[in-house]
Every structure is written in C-alpha cells, then in structure tokens.
Amino acid sequence: MKRVLAYAVCILTSAMFAFPYLWMLAGSFRTTSAMLTAPLRLWPERFDLTGFQSIVEIGDLSLLRAAANSLFITGASTAIAVAVTALGAYAITRRPRVLAFRVLRYGFLTTMMYPYMLLVIPVYIVVFKLGLLGSYTGIILFLALGPIQFFLFEQFFRTLPAEVIEAATIDGASELAILLRIVLPMAAPIVATVAIITFLLNWAQWFPVLVISSTSDTWTLPVALLNLNGELGTNFQGIMALSVVTTLPVAALFLLAQRRVMAGMTEGAVKG
Amino acid sequence: MGLTARRWWRGEAVFYAFALPFAALTVIFGVWPILLGISVSFTASATALKAVPTWVGLANYATILADPGFVASLWRTLLYAACAVAANVGFALAYALLLNSRLIGWGRGLFKLLLFLPVVTPDVPGYVVWRWLYDQTFGAINAALGGLGLPAFGGIASPSTAMLAILLAELWHHAGFYLVIFLANLAICERALEEAADIDGARTWQKTLYVIIPQLRPAIVINTVYALIQFLKTFTVVVVTTKGGPNGATDFLSYHAYQYFDQGRYGEATAMASVLFVIVLGVAVGVYGLGERGRA
C-alpha cells in the first residue's frame with residue numbers, strides 16, 4: 001500500500017515535469033484554433049505544419065541562419081573552452097606552487113563568483129572597447145569561459161598518477177610530449193564530459209549573444225525565439241515550433257549522454 | 001641556446017605557454033569587466049563608453065538608492081529568493097529521500113532522468129512554454145483546473161500570483177539539479193547506521209530525521225548556497241514571462257538593473273550590479289559559514 005502511494009507520487013511528479021515537453025510538441029503541430037478549443041489535448045488532430053512553415057523566416061532572420069549560428073557559436077565556443085581550460089587547468093595543477101598560477105587560479109575563481117547576468121553589462125563595454133561588438137569572435141570568446149569546465153579538469157588532473165609522469169620525465173620526454181602522448185589519451189573521457197556539458201550550457205545562452213550582437217545576423221535560436229515570443233500578434237503555433245527546434249537537439253544529446261552529464265554536473269558542483 | 005635554457009624551455013616555460021590563453025580569457029572577460037564595472041559605476045552614464053569618462057563619485061549609488069523601484073525590488077528579490085530556495089531545496093530533498101527509499105525499485109533512474117531533463121533544456125524555450133501554459137485562453141493549467149472544478153489560477157497575469165507562477169516555472173527548471181546532488185550524497189551514506197536504527201526499532205520518520213538527514217549536511221549546504229546564488233539573480237524567466245509585471249510584482253534586482261542598462265544608463269546599471277554582487281557574495285559566504293560552523 002505504501003509502495004503504491006510512493007509510485008503514485010513519483011509518476012504524478014514525473015508526469016508534471018514531462019508535461020511541458022509534450023504540450024510544446026503537440027502545440028507545434030496543432031492549429032491555434034484547435035489549441036483554443038482543447039488546450040489539454042496532447043495528440044494532434046492532424047499534423048499541421050503551418051507552425052514550422054511560419055518560422056522559416058523570423059523577421060529578417062532565416063531559421064536556417066539562426067540554427068547555423070547556434071551550431072557555429074556553440075561548437076566553436078565549446079572547442080575553445082575545452083582546449084583553453086584544459087591547458088590552463090593542467091598547467092595550474094602540474095605547477096601548483098608557481099606564484100603566477102596561484103594568482104591566476106584565485107583571480108579566475110573570484111571572477112566566477114560575479115553574477116553572470118551582471119557580468120554581461122561590463123562585458124558589453126569591454127567588447128565595445130575591443131571593437132568586437134556584433135562579431136562572432138566576441139560572442140564565442142566570452143562563452144568559452146566557465147567555472148564548471150575548470151573544476152572538472154582540475155579535479156581530473158589532480159588524480160593523474162605522478163609516477164607515470166615521473167617515469168616519462170626520466171626517459172627524457174619533453175613536457176609537450178608528456179601532454180600529448182601520456183596525459184591526453186588518459187584525459188579522453190573527461191574531455192568528452194566537459195565538451196558535452198559545455199555544448200549543452202552554451203546552446204542555451206541567450207543574454208550574452210543578444211547583448212554582444214548588433215544585428216540579428218549573429219542571433220542564435222534562443223534569441224530568435226525570445227524575439228518571436230515578444231512580438232505583438234501571437235503566432236502561438238510558430239512559437240511552439242521554434243521552441244521544439246531549440247530544445248530537441250540538446251534534449252537528444254543529453255539523453256544519449258545522460259549518465260556522463262549528470263555525473264559531471266554533480267561533480268563540478270560539489271568539488272567547486 | 002644553452003643546455004639549461006633548453007631544459008627550462010622543455011620543462012617549465014611550456015607550462016606558461018599552456019596557461020597563457022586561459023589567463024588571457026580570464027583577464028579580458030573576467031577581471032577587466034569586473035573592474036570596469038566598478039569604475040563605470042562611479043562615472044556619468046553618458047560618458048561611460050568614452051575614453052575619458054566624467055567621474056561623479058557616489059552619485060549613481062545615490063540615484064539608485066533614491067529610486068523607490070530599486071528599494072522595492074531589493075526586498076522583493078530577497079523575499080523571492082528565500083521562498084524559492086526553501087521550495088527547491090525542500091522539494092528536492094523530499095523527492096530524493098523518496099526515490100532513495102526502499103519503496104521505489106524499478107523506474108528510479110527514469111524518475112531521476114525526467115526531473116533532470118529540464119536542467120539541460122535551454123531556459124528560453126522552457127520558460128516560453130510556461131508562459132503559455134499559464135495563459136488565460138490557451139493555457140493548459142487553467143483548462144486542467146477548470147476540468148477538476150477548481151478555481152482559475154491567475155498565473156503571470158495577476159499581481160498576487162505572478163511571483164508564485166515564476167517560482168513554479170523556475171522550480172521545474174532547477175530542482176532536478178538539486179535532486180541529483182542529494183541523490184549523489186545519499187549514495188555515499190552509511191547503510192550500516194540505518195540498519196542499526198532498524199534493529200533498534202526506529203520508525204521511518206525517526207530514521208530519516210536522525211540518521212539520514214544529518215549525513216546529508218554537505219548536500220544541504222551546497223544546494224542552499226547554489227540555490228541562493230541562483231534565485232537572487234533570477235532573470236531569464238522574468239524577461240520571457242512577465243517583464244517585471246504585472247504592476248512590478250516580479251521586478252527583481254537583476255531585471256531592474258537590466259532596464260537601466262537597456263536605457264543606456266550604464267552608471268546606474270553597474271552601480272546596481274555592484275550592490276547585487278555584494279549581496280550575493282555576503283549571503284553566500286554567510287550561509288556557507290553557518291553550514292561549516294554547524295559541522296564543527
């Protein structure tokens with residue numbers, strides 16, 4: 001009896017958490033008038049594609065361009081984040097007593113405490129001063145810095161067996177060779193974890209993208225969606241369709257790598 | 001190149017080369033903007049982007065403190081953060097205990113997965129869907145309440161319920177993260193202590209309260225600090241759903257600061273950012289300190 005009750009609570013909670021996805025999916029295929037008559041219906045009367053057709057052009061931005069921007073900005077910032085943070089964390093962990101590295105680590109951790117949303121305001125001024133407003137470069141470089149990436153890499157490099165590295169040093173291998181031939185192969189799983197988590201997090205970014213952009217040319221899917229949602233005259237079906245397009249790629253990526261992502265995010269938070 | 005220099009290059013200098021890009025990004029997008037933000041908060045907004053800004057001392061701080069909207073939004077933010085932290089951490093703790101109990105066998109992984117999915121769902125589409133779920137004509141929530149014969153929920157349209165509506169949407173987005181941290185902590189709890197309690201004939205609630213929860217202190221502290229930082233700077237959900245309304249009911253600090261920024265009032269915006277930074281830092285350090293002291 002208690003067991004039945006426990007399952008009832010879990011199933012009900014799960015249903016409530018899953019409902020917005022199902023409703024979004026149904027809403028993207030159901031006409032606005034069908035939605036108005038039966039807001040709760042989760043299976044479309046018929047698969048109406050006008051919602052998706054209506055978002056092929058979002059104002060003066062094409063959906064294709066927004067999707068390409070999302071892929072490019074997220075992909076590039078993820079690649080840079082992984083490479084730059086891994087190398088930085090590696091140097092800091094291998095030479096923990098070098099003063100410059102201690103200052104760097106401390107400086108980085110302090111800046112990461114600054115509320116992200118508020119950092120974007122002065123970052124706007126910095127990007128302006130660098131002449132990078134409206135550029136992909138400005139957006140990508142800003143998105144390449146995050147605390148969880150650093151914590152995960154630092155945590156991993158601390159567990160590297162010292163004997164292996166010592167042995168290689170005695171054999172006369174250069175530090176670069178040690179990094180490329182010994183450390184990198186061992187680091188493959190953590191690199192994958194950090195890359196996936198960074199991709200998920202940066203795909204969702206909208207505020208820095210909006211602030212650093214000067215035209216809609218560099219907008220990503222979430223920014224386009226925010227814009228569409230804020231327009232007067234509601235294209236409800238189009239909004240749901242664009243929500244689906246924005247959500248589906250990362251939801252799929254997460255489901256494929258769920259254990260890795262959940263373990264990585266937990267560890268990044270707990271060790272941080 | 002001499003032998004020592006070559007050895008140094010092969011051994012030590014390479015670490016500086018490794019760290020250089022990371023250091024450059026940290027300075028350009030971390031240290032510089034924060035220092036710049038502080039300095040801009042002491043300058044006149046109109047000259048903030050100029051090479052030689054006009055210094056106005058504490059005038060921007062005086063302006064925002066004299067702005068009744070700021071003071072009101074400060075209290076609103078603190079109230080909201082307190083409620084949201086309690087709701088999120090409380091719910092995640094209760095749900096984690098339930099999922100971890102012997103009552104739940106099959107399906108535990110799926111239940112956890114479904115709660116975590118919103119965490120990695122981009123926040124804009126997530127909140128866009130919530131904005132429409134609350135809608136008075138399209139919305140599924142009022143349709144469901146009506147179907148059950150319950151009174152309609154004002155959602156984001158009514159000043160009295162807007163804050164609750166935002167809290168629920170944010171709980172959907174964030175609670176899975178706290179849940180997973182609790183579950184990770186529960187996984188390393190001493191089963192032997194629970195078995196000992198069983199032998200002593202402890203009831204389930206006694207075991208939970210006196211055996212399990214004390215072992216969850218690390219997760220409770222981490223989650224509370226994370227949630228506080230999270231909900232003190234609540235922003236995206238406001239931009240997507242209410243834009244601070246109705247009637248200012250959801251005009252939180254970060255949104256208030258953003259509006260200054262949007263109007264080009266950089267001095268006031270950065271002054272407000274500095275104030276919020278100090279609050280976030282103070283509260284986070286305070287809570288963390290309390291948690292640490294309690295452990296000693």
# chains A, B, ... in the order shown; residues from 1 in each chain; ligands from 1
>>> residues_around(residues="B:Ala24", least_positions_apart="4", cutoff="12 Å", atoms="only C-alpha atoms", output="ChimeraX atom specification")
/A:84-85,88,104,107-108,141-142,144-145 /B:16-20,28-32
>>> select_by_dssp(residues="stretch 104-219 of chain A", states="alpha helix (DSSP H)", output="JSON, numbers by chain")
{"A": [104, 105, 106, 107, 108, 109, 110, 111, 112, 113, 116, 117, 118, 119, 120, 121, 122, 123, 124, 125, 126, 127, 128, 129, 136, 137, 138, 139, 140, 141, 142, 143, 147, 148, 149, 150, 151, 152, 153, 154, 155, 156, 157, 158, 162, 163, 164, 165, 166, 167, 168, 169, 170, 175, 176, 177, 184, 185, 186, 187, 188, 189, 190, 191, 192, 193, 194, 195, 196, 197, 198, 199, 200, 201, 202, 203, 204, 207, 208, 209, 210, 211, 212]}
>>> residues_around(residues="A:Leu248", least_positions_apart="4", cutoff="10 Å", atoms="only C-alpha atoms", output="number ranges by chain")
A: 21, 25, 242-244, 252-254; B: 121-122
>>> residues_around(residues="stretch 264-271 of chain A", least_positions_apart="3", cutoff="6 Å", atoms="only C-alpha atoms", output="list in words")
Ile148, Phe151, Leu152, Arg260 and Val261 of chain A; Ile181 of chain B
>>> write_last_selection(atoms="N, CA, C and O atoms", output="CSV table (one decimal), in the first residue's frame")
chain,number,residue,atom,x,y,z
A,148,ILE,N,32.5,25.5,-14.3
A,148,ILE,CA,32.4,24.0,-14.2
A,148,ILE,C,33.4,23.3,-15.0
A,148,ILE,O,33.9,22.3,-14.6
A,151,PHE,N,36.6,23.3,-12.9
A,151,PHE,CA,36.6,22.4,-11.8
A,151,PHE,C,36.7,21.0,-12.2
A,151,PHE,O,37.4,20.2,-11.6
A,152,LEU,N,36.1,20.6,-13.3
A,152,LEU,CA,36.2,19.2,-13.8
A,152,LEU,C,37.6,18.9,-14.2
A,152,LEU,O,38.1,17.8,-13.9
A,260,ARG,N,26.9,10.5,-18.1
A,260,ARG,CA,28.1,11.4,-18.1
A,260,ARG,C,27.7,12.8,-17.7
A,260,ARG,O,28.4,13.4,-16.9
A,261,VAL,N,26.6,13.3,-18.2
A,261,VAL,CA,26.2,14.7,-18.0
A,261,VAL,C,25.8,14.9,-16.5
A,261,VAL,O,26.3,15.8,-15.8
B,181,ILE,N,22.2,16.2,-6.8
B,181,ILE,CA,23.2,16.4,-5.8
B,181,ILE,C,22.8,15.6,-4.5
B,181,ILE,O,23.6,15.0,-3.9
>>> closest_residue(among="A:Ile121, A:Leu256, A:Leu12, A:Ala67", to="chain B", atoms="only C-alpha atoms")
A:Ile121
>>> closest_residue(among="A:Val211, A:Leu143, A:Ile165, A:Met24", to="A:Leu180", atoms="only C-alpha atoms")
A:Ile165
>>> closest_residue(among="B:Thr63, B:Thr236, B:His173, B:Phe15", to="A:Ile92", atoms="only C-alpha atoms")
B:Phe15
>>> closest_residue(among="A:Ile80, A:Leu200, A:Ile239, A:Ile182", to="A:Ala251", atoms="only C-alpha atoms")
A:Leu200
>>> closest_residue(among="A:Leu61, A:Met35, A:Val164, A:Val191", to="chain B", atoms="only C-alpha atoms")
A:Met35
>>> residues_around(residues="stretch 125-139 of chain B", least_positions_apart="2", cutoff="6 Å", atoms="only C-alpha atoms", output="ChimeraX atom specification")
/A:36,39,243 /B:123,141,155,237,241
>>> write_last_selection(atoms="N, CA, C and O atoms", output="short mmCIF file (atom, residue, chain, number, x, y, z; two decimals), in the first residue's frame")
data_model
loop_
_atom_site.label_atom_id
_atom_site.label_comp_id
_atom_site.auth_asym_id
_atom_site.auth_seq_id
_atom_site.Cartn_x
_atom_site.Cartn_y
_atom_site.Cartn_z
N LEU A 36 -7.22 26.39 -28.92
CA LEU A 36 -8.18 27.16 -28.13
C LEU A 36 -9.36 26.31 -27.70
O LEU A 36 -9.87 26.49 -26.60
N PRO A 39 -7.25 22.89 -24.98
CA PRO A 39 -5.86 23.21 -24.61
C PRO A 39 -5.11 22.02 -24.04
O PRO A 39 -3.88 22.02 -24.04
N SER A 243 10.31 26.61 -30.33
CA SER A 243 10.74 26.03 -29.05
C SER A 243 11.20 24.59 -29.25
O SER A 243 12.20 24.16 -28.68
N ASP B 123 16.85 27.51 -21.19
CA ASP B 123 15.84 28.17 -20.35
C ASP B 123 14.82 28.98 -21.15
O ASP B 123 13.66 29.03 -20.77
N ILE B 141 -2.98 24.97 -17.88
CA ILE B 141 -3.13 24.92 -16.43
C ILE B 141 -4.55 25.28 -16.01
O ILE B 141 -5.20 24.55 -15.25
N GLY B 155 -1.89 32.97 -12.45
CA GLY B 155 -0.62 32.81 -13.15
C GLY B 155 0.18 34.10 -13.21
O GLY B 155 0.24 34.85 -12.23
N VAL B 237 13.64 34.09 -16.64
CA VAL B 237 12.21 33.78 -16.54
C VAL B 237 11.39 35.07 -16.55
O VAL B 237 10.30 35.14 -17.12
N THR B 241 8.64 35.82 -19.34
CA THR B 241 7.22 35.70 -18.99
C THR B 241 6.55 37.02 -18.61
O THR B 241 5.49 37.33 -19.12
#
>>> closest_residue(among="B:Val124, B:Ile166, B:Ala87, B:Leu35", to="A:Trp203", atoms="only C-alpha atoms")
B:Val124
